[in-house]
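With TSV, C-alpha atoms inside, this is final.tsv:
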chain	number	residue	atom	x	y	z
A	1	MET	CA	-113.78	-26.21	39.55
A	2	SER	CA	-114.45	-25.59	43.25
A	3	PHE	CA	-113.75	-29.17	44.23
A	4	PHE	CA	-110.14	-28.81	43.10
A	5	LYS	CA	-109.38	-25.77	45.25
A	6	ARG	CA	-107.57	-27.86	47.85
A	7	LEU	CA	-105.45	-29.48	45.20
A	8	ARG	CA	-104.40	-26.08	43.90
A	9	ASP	CA	-103.96	-24.20	47.17
A	10	VAL	CA	-102.87	-26.75	49.76
A	11	THR	CA	-99.31	-27.97	50.11
A	12	MET	CA	-97.56	-29.58	53.04
A	13	SER	CA	-95.43	-26.48	53.62
A	14	ASN	CA	-98.30	-24.06	54.12
A	15	LEU	CA	-100.11	-26.67	56.18
A	16	ASN	CA	-97.17	-26.83	58.58
A	17	ALA	CA	-97.16	-23.03	58.74
A	18	LEU	CA	-100.84	-23.04	59.70
A	19	ILE	CA	-100.27	-25.73	62.29
A	20	ASP	CA	-97.46	-23.73	63.88
A	21	LYS	CA	-99.85	-20.78	64.35
A	22	ALA	CA	-102.86	-22.78	65.48
A	23	GLU	CA	-103.94	-23.16	69.07
A	24	ASP	CA	-104.78	-26.80	68.46
A	25	PRO	CA	-103.02	-28.17	65.37
A	26	ILE	CA	-104.62	-31.60	65.81
A	27	LYS	CA	-108.12	-30.16	65.46
A	28	LEU	CA	-106.97	-28.04	62.53
A	29	THR	CA	-105.47	-31.07	60.80
A	30	ASP	CA	-108.62	-33.11	61.37
A	31	GLN	CA	-110.73	-30.30	59.92
A	32	TYR	CA	-108.41	-30.08	56.96
A	33	ILE	CA	-108.77	-33.81	56.37
A	34	ARG	CA	-112.56	-33.54	56.57
A	35	ASP	CA	-112.53	-30.67	54.05
A	36	MET	CA	-110.30	-32.60	51.69
A	37	GLN	CA	-112.52	-35.67	52.06
A	38	GLU	CA	-115.58	-33.61	51.13
A	39	ASP	CA	-113.74	-32.09	48.15
A	40	LEU	CA	-112.66	-35.55	47.08
A	41	GLU	CA	-116.24	-36.81	47.20
A	42	ASP	CA	-117.36	-33.84	45.06
A	43	ALA	CA	-114.54	-34.55	42.63
A	44	GLU	CA	-115.47	-38.22	42.40
A	45	LYS	CA	-119.06	-37.26	41.49
A	46	ALA	CA	-117.83	-34.82	38.85
A	47	VAL	CA	-115.46	-37.40	37.39
A	48	ALA	CA	-118.26	-39.99	37.34
A	49	SER	CA	-120.49	-37.55	35.41
A	50	GLN	CA	-117.71	-36.82	32.94
A	51	ILE	CA	-117.01	-40.52	32.45
A	52	ALA	CA	-120.71	-41.05	31.81
A	53	LEU	CA	-120.57	-38.43	29.02
A	54	GLU	CA	-117.46	-40.05	27.62
A	55	LYS	CA	-119.17	-43.44	27.49
A	56	LYS	CA	-122.34	-41.93	26.05
A	57	PHE	CA	-120.59	-40.33	23.05
A	58	LYS	CA	-118.43	-43.41	22.57
A	59	ALA	CA	-121.56	-45.52	22.28
A	60	LEU	CA	-123.14	-43.01	19.89
A	61	TYR	CA	-120.17	-42.81	17.56
A	62	GLU	CA	-119.66	-46.59	17.62
A	63	GLU	CA	-123.34	-46.97	16.75
A	64	GLN	CA	-122.96	-44.62	13.78
A	65	GLU	CA	-119.72	-46.32	12.80
A	66	ALA	CA	-121.52	-49.64	12.65
A	67	LEU	CA	-124.38	-48.02	10.72
A	68	VAL	CA	-121.96	-46.58	8.12
A	69	LYS	CA	-120.48	-50.02	7.59
A	70	LYS	CA	-123.91	-51.60	7.38
A	71	ARG	CA	-125.30	-49.07	4.87
A	72	GLU	CA	-122.20	-49.41	2.70
A	73	GLU	CA	-122.64	-53.18	2.58
A	74	GLN	CA	-126.34	-52.70	1.79
A	75	ALA	CA	-125.49	-50.25	-1.01
A	76	HIS	CA	-123.17	-52.89	-2.54
A	77	THR	CA	-125.85	-55.51	-2.22
A	78	ALA	CA	-128.44	-53.27	-3.91
A	79	ALA	CA	-126.00	-52.35	-6.67
A	80	LYS	CA	-125.28	-55.99	-7.41
A	81	ALA	CA	-129.03	-56.52	-7.64
A	82	GLN	CA	-129.25	-53.56	-10.02
A	83	ASN	CA	-131.62	-51.81	-7.60
A	84	ILE	CA	-130.53	-48.22	-8.10
A	85	ASP	CA	-133.11	-46.59	-5.81
A	86	LEU	CA	-132.30	-48.91	-2.92
A	87	ALA	CA	-128.59	-48.41	-3.45
A	88	ARG	CA	-129.09	-44.64	-3.51
A	89	ARG	CA	-131.07	-44.69	-0.23
A	90	ALA	CA	-128.39	-46.81	1.42
A	91	LEU	CA	-125.66	-44.39	0.33
A	92	GLU	CA	-127.68	-41.39	1.54
A	93	GLU	CA	-128.16	-42.93	4.96
A	94	LYS	CA	-124.47	-43.86	4.97
A	95	LYS	CA	-123.59	-40.21	4.35
A	96	ASN	CA	-125.87	-39.02	7.20
A	97	ALA	CA	-124.40	-41.66	9.48
A	98	GLU	CA	-120.86	-40.53	8.58
A	99	ALA	CA	-121.75	-36.94	9.49
A	100	LYS	CA	-123.13	-38.03	12.84
A	101	LEU	CA	-120.13	-40.32	13.31
A	102	THR	CA	-117.75	-37.38	12.87
A	103	GLU	CA	-119.81	-35.24	15.29
A	104	TYR	CA	-120.06	-37.93	17.96
A	105	LYS	CA	-116.38	-38.90	17.57
A	106	THR	CA	-115.35	-35.28	18.15
A	107	SER	CA	-117.57	-35.06	21.24
A	108	TYR	CA	-116.23	-38.39	22.47
A	109	ASP	CA	-112.59	-37.28	22.06
A	110	GLN	CA	-113.27	-34.04	23.91
A	111	ASN	CA	-115.12	-35.71	26.76
A	112	LYS	CA	-112.54	-38.48	27.03
A	113	ALA	CA	-109.74	-35.91	27.30
A	114	ALA	CA	-111.69	-34.06	30.00
A	115	ALA	CA	-112.40	-37.32	31.84
A	116	ASP	CA	-108.73	-38.37	31.65
A	117	ASN	CA	-107.68	-35.00	33.05
A	118	LEU	CA	-110.17	-35.29	35.90
A	119	ARG	CA	-109.06	-38.87	36.58
A	120	SER	CA	-105.48	-37.64	36.93
A	121	LYS	CA	-106.49	-34.81	39.26
A	122	LEU	CA	-108.68	-37.15	41.27
A	123	GLU	CA	-105.80	-39.57	41.73
A	124	GLU	CA	-103.61	-36.68	42.83
A	125	MET	CA	-106.23	-35.62	45.38
A	126	ARG	CA	-106.46	-39.16	46.72
A	127	LYS	CA	-102.70	-39.26	47.07
A	128	GLN	CA	-102.64	-35.95	48.94
A	129	LEU	CA	-105.42	-37.08	51.25
A	130	ALA	CA	-103.56	-40.31	52.01
A	131	GLU	CA	-100.38	-38.32	52.72
A	132	MET	CA	-102.36	-35.96	54.95
A	133	LYS	CA	-103.76	-38.85	56.98
A	134	SER	CA	-100.31	-40.35	57.31
A	135	LYS	CA	-98.85	-36.97	58.24
A	136	ARG	CA	-101.50	-36.54	60.93
A	137	GLU	CA	-100.06	-39.34	63.06
A	138	THR	CA	-96.65	-37.67	63.04
A	139	LEU	CA	-98.17	-34.28	63.82
A	140	VAL	CA	-100.16	-35.70	66.73
A	141	ALA	CA	-97.04	-37.31	68.18
A	142	ARG	CA	-95.05	-34.08	67.78
A	143	TYR	CA	-97.83	-31.97	69.28
A	144	ASN	CA	-98.30	-34.24	72.29
A	145	ALA	CA	-94.55	-34.31	72.88
A	146	ALA	CA	-94.41	-30.52	72.72
A	147	LYS	CA	-97.33	-30.21	75.16
A	148	ALA	CA	-95.68	-32.64	77.57
A	149	GLN	CA	-92.41	-30.70	77.36
A	150	THR	CA	-94.22	-27.43	78.01
A	151	GLU	CA	-96.00	-28.87	81.05
A	152	ILE	CA	-92.74	-30.27	82.40
A	153	ASN	CA	-90.98	-26.95	81.92
A	154	LYS	CA	-93.83	-25.14	83.68
A	155	ALA	CA	-93.68	-27.59	86.56
A	156	MET	CA	-89.92	-27.16	86.79
A	157	ASN	CA	-90.30	-23.39	86.85
A	158	ASP	CA	-92.88	-23.61	89.62
A	159	PHE	CA	-90.69	-26.10	91.47
A	160	SER	CA	-87.69	-23.79	91.85
A	161	SER	CA	-84.60	-24.70	93.87
A	162	ASP	CA	-85.25	-21.85	96.32
A	163	SER	CA	-88.73	-23.09	97.14
A	164	ALA	CA	-87.44	-26.63	97.50
A	165	THR	CA	-84.65	-25.48	99.84
A	166	ALA	CA	-87.08	-23.39	101.89
A	167	GLY	CA	-89.46	-26.32	102.13
A	168	LEU	CA	-86.67	-28.65	103.23
A	169	LYS	CA	-85.49	-26.09	105.83
A	170	ARG	CA	-89.02	-25.89	107.28
A	171	MET	CA	-89.15	-29.66	107.52
A	172	GLU	CA	-85.77	-29.74	109.27
A	173	ASP	CA	-86.89	-27.05	111.74
A	174	LYS	CA	-90.05	-29.01	112.51
A	175	MET	CA	-87.98	-32.16	113.00
A	176	LEU	CA	-85.57	-30.38	115.34
A	177	GLN	CA	-88.49	-28.98	117.28
A	178	ALA	CA	-90.07	-32.43	117.57
A	179	GLU	CA	-86.75	-33.93	118.70
A	180	ALA	CA	-86.32	-31.15	121.27
A	181	LEU	CA	-89.79	-31.79	122.63
A	182	ALA	CA	-89.08	-35.50	122.82
A	183	GLU	CA	-85.78	-34.86	124.62
A	184	ALA	CA	-87.45	-32.49	127.07
A	185	SER	CA	-90.15	-35.04	127.76
A	186	ASN	CA	-87.50	-37.68	128.35
A	187	GLU	CA	-85.64	-35.42	130.81
A	188	MET	CA	-88.84	-34.78	132.70
A	189	ASN	CA	-89.43	-38.50	132.97
A	190	LYS	CA	-85.86	-39.00	134.19
A	191	LYS	CA	-86.27	-36.34	136.86
A	192	ASP	CA	-89.49	-37.90	138.12
A	193	LYS	CA	-87.95	-41.34	138.26
A	194	SER	CA	-84.70	-40.15	139.97
A	195	LEU	CA	-86.67	-38.60	142.82
A	196	ASP	CA	-88.45	-41.88	143.57
A	197	GLU	CA	-85.21	-43.76	143.21
A	198	GLU	CA	-83.51	-41.48	145.73
A	199	PHE	CA	-86.10	-42.35	148.32
A	200	GLU	CA	-85.85	-46.02	147.51
A	201	ASN	CA	-82.08	-45.97	147.59
A	202	LEU	CA	-82.12	-44.02	150.79
A	203	GLY	CA	-83.43	-47.04	152.66
A	204	LYS	CA	-81.16	-49.40	150.77
A	205	ASP	CA	-78.01	-47.39	151.58
A	206	GLN	CA	-78.86	-47.27	155.38
A	207	ALA	CA	-79.20	-51.03	155.54
A	208	VAL	CA	-75.76	-51.44	154.04
A	209	GLU	CA	-74.34	-48.97	156.52
A	210	ASP	CA	-75.91	-50.80	159.46
A	211	GLU	CA	-74.55	-54.13	158.23
A	212	LEU	CA	-71.13	-52.60	157.71
A	213	ALA	CA	-71.14	-51.09	161.23
A	214	ALA	CA	-72.08	-54.46	162.78
A	215	LEU	CA	-69.34	-56.15	160.86
A	216	MET	CA	-66.74	-53.65	161.96
A	217	LYS	CA	-67.92	-53.88	165.55
A	218	GLN	CA	-67.17	-57.59	165.59
A	219	TYR	CA	-63.59	-57.04	164.68
A	220	ASP	CA	-63.19	-54.13	167.10
A	221	ASN	CA	-63.87	-56.47	170.08
A	222	LYS	CA	-61.03	-58.71	168.97

As structure tokens - that is how I would like this structure written.
Amino acid sequence: MSFFKRLRDVTMSNLNALIDKAEDPIKLTDQYIRDMQEDLEDAEKAVASQIALEKKFKALYEEQEALVKKREEQAHTAAKAQNIDLARRALEEKKNAEAKLTEYKTSYDQNKAAADNLRSKLEEMRKQLAEMKSKRETLVARYNAAKAQTEINKAMNDFSSDSATAGLKRMEDKMLQAEALAEASNEMNKKDKSLDEEFENLGKDQAVEDELAALMKQYDNK
């Protein structure tokens, strides 16, 4: 039956092989689960139909079984009453009922065996689907971890030690240049200030000299 193709063909090993080759194993797994779910639904309908047949023939053969018993009792009742014709009719109908009973019992046994087989396969499919759903969580975690590792490795490759060293060297050069400019600016400020200070100190130094000369002159007269 077509709805059992997954049960026959799919195993966890070949699923993992497909996932390894797939561009997106998560999407593949989800599609696989959807396919299995659809197959399971088809199988459930088929099993339900088979069970209906099983029940139908069981009811038919049980009906004939009851009829056989009833006609036999009626035949005994008629015989006790010495009603030969009525007893004969009861036995004839009993015989027909026994023939139908045998036919229906055979059909019931066959359909019950088929239904039991489908029930077993259906349970196996449900188990595989449950395992697939459980497996999906592990596969998603593994896939995301692998993607993250790949992205990190790519970033590490792009961020090589040479490029980092070159970038750091450029930053150091810019810093040295900025410090040199700051130092040069500071020197310029010092030069401007020293020129003004020289003129200011020029007057201050003369006053000291004049005071010193006056002081020395006082002692020279003594």

Would you pick out the contacts of Met132 (chain A) at 9 Å or less, using all atoms listed in the file, so that residues sharing its chain but fewer than 2 positions from it are not included, and give the list as a ChimeraX atom specification?
/A:12,29,32-33,127-130,134-136

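A straight line drawn from CA of Met171 (chain A) to CA of Ala184 (chain A) is 19.8 Å long.
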
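Rounded to one decimal, CA of Ala52 (chain A) and CA of Lys105 (chain A) lie 15.0 Å from each other.
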
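The gap separating CA of Asn111 (chain A) from CA of Glu41 (chain A) is 20.5 Å, in Å to one decimal.
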
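Each of A:Leu91, A:Ala166, A:Ala114, A:Leu139 was compared to Val47 (chain A) using only C-alpha atoms, and A:Ala114 turns out to be the nearest.
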
Please provide as a ChimeraX atom specification all residues within 10 Å of Ser107 (chain A), with the sequence filter that same-chain residues fewer than 2 positions apart are discarded (counting all atoms listed in the file).
/A:53-54,56-58,60-61,101-105,109-113

Some atoms are absent from region 78-89 of chain A, so rebuild all heavy atoms and return them as a compact mmCIF listing (two decimals), keeping the file's coordinate frame.
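Listed below is the output, selection26.txt:
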# COMPACT_ATOMS: atom_id res chain seq x y z
N ALA A 78 -127.42 -53.83 -3.01
CA ALA A 78 -128.44 -53.27 -3.91
C ALA A 78 -127.87 -53.06 -5.31
O ALA A 78 -128.55 -53.28 -6.32
CB ALA A 78 -128.97 -51.97 -3.33
N ALA A 79 -126.62 -52.59 -5.36
CA ALA A 79 -126.00 -52.35 -6.67
C ALA A 79 -125.83 -53.65 -7.44
O ALA A 79 -126.06 -53.69 -8.66
CB ALA A 79 -124.66 -51.66 -6.49
N LYS A 80 -125.43 -54.69 -6.75
CA LYS A 80 -125.28 -55.99 -7.41
C LYS A 80 -126.63 -56.48 -7.95
O LYS A 80 -126.69 -57.16 -8.97
CB LYS A 80 -124.72 -57.01 -6.41
CG LYS A 80 -123.25 -56.81 -6.11
CD LYS A 80 -122.77 -57.85 -5.10
CE LYS A 80 -121.30 -57.62 -4.76
NZ LYS A 80 -120.81 -58.63 -3.78
N ALA A 81 -127.68 -56.11 -7.21
CA ALA A 81 -129.03 -56.52 -7.64
C ALA A 81 -129.62 -55.55 -8.67
O ALA A 81 -130.79 -55.69 -9.05
CB ALA A 81 -129.94 -56.62 -6.43
N GLN A 82 -128.82 -54.55 -9.05
CA GLN A 82 -129.25 -53.56 -10.02
C GLN A 82 -130.45 -52.75 -9.54
O GLN A 82 -131.24 -52.25 -10.33
CB GLN A 82 -129.59 -54.24 -11.37
CG GLN A 82 -128.41 -54.92 -12.03
CD GLN A 82 -127.30 -53.94 -12.41
OE1 GLN A 82 -127.55 -52.90 -13.06
NE2 GLN A 82 -126.09 -54.25 -11.98
N ASN A 83 -130.55 -52.61 -8.19
CA ASN A 83 -131.62 -51.81 -7.60
C ASN A 83 -131.05 -50.44 -7.28
O ASN A 83 -130.53 -50.19 -6.19
CB ASN A 83 -132.16 -52.49 -6.33
CG ASN A 83 -133.44 -51.85 -5.85
OD1 ASN A 83 -133.67 -50.66 -6.07
ND2 ASN A 83 -134.28 -52.64 -5.18
N ILE A 84 -131.15 -49.54 -8.23
CA ILE A 84 -130.53 -48.22 -8.10
C ILE A 84 -131.15 -47.40 -6.97
O ILE A 84 -130.43 -46.76 -6.17
CB ILE A 84 -130.64 -47.45 -9.45
CG1 ILE A 84 -129.91 -48.21 -10.54
CG2 ILE A 84 -130.09 -46.03 -9.31
CD1 ILE A 84 -130.04 -47.58 -11.92
N ASP A 85 -132.45 -47.37 -6.86
CA ASP A 85 -133.11 -46.59 -5.81
C ASP A 85 -132.69 -47.07 -4.42
O ASP A 85 -132.41 -46.26 -3.52
CB ASP A 85 -134.63 -46.69 -5.95
CG ASP A 85 -135.13 -45.94 -7.18
OD1 ASP A 85 -134.42 -45.01 -7.63
OD2 ASP A 85 -136.22 -46.29 -7.67
N LEU A 86 -132.67 -48.35 -4.23
CA LEU A 86 -132.30 -48.91 -2.92
C LEU A 86 -130.84 -48.63 -2.62
O LEU A 86 -130.48 -48.27 -1.48
CB LEU A 86 -132.56 -50.42 -2.90
CG LEU A 86 -132.42 -51.10 -1.53
CD1 LEU A 86 -133.39 -50.47 -0.53
CD2 LEU A 86 -132.68 -52.60 -1.65
N ALA A 87 -130.01 -48.71 -3.64
CA ALA A 87 -128.59 -48.41 -3.45
C ALA A 87 -128.39 -46.95 -3.09
O ALA A 87 -127.57 -46.57 -2.24
CB ALA A 87 -127.80 -48.77 -4.71
N ARG A 88 -129.17 -46.07 -3.79
CA ARG A 88 -129.09 -44.64 -3.51
C ARG A 88 -129.51 -44.34 -2.07
O ARG A 88 -128.84 -43.56 -1.36
CB ARG A 88 -129.98 -43.87 -4.49
CG ARG A 88 -129.90 -42.34 -4.26
CD ARG A 88 -130.82 -41.59 -5.20
NE ARG A 88 -130.38 -41.70 -6.60
CZ ARG A 88 -131.01 -42.40 -7.52
NH1 ARG A 88 -132.13 -43.07 -7.21
NH2 ARG A 88 -130.56 -42.44 -8.77
N ARG A 89 -130.60 -44.90 -1.61
CA ARG A 89 -131.07 -44.69 -0.23
C ARG A 89 -130.03 -45.16 0.79
O ARG A 89 -129.79 -44.51 1.80
CB ARG A 89 -132.40 -45.42 -0.01
CG ARG A 89 -133.60 -44.76 -0.70
CD ARG A 89 -134.84 -45.62 -0.54
NE ARG A 89 -135.11 -45.91 0.87
CZ ARG A 89 -135.96 -46.86 1.29
NH1 ARG A 89 -136.58 -47.62 0.39
NH2 ARG A 89 -136.18 -47.03 2.57
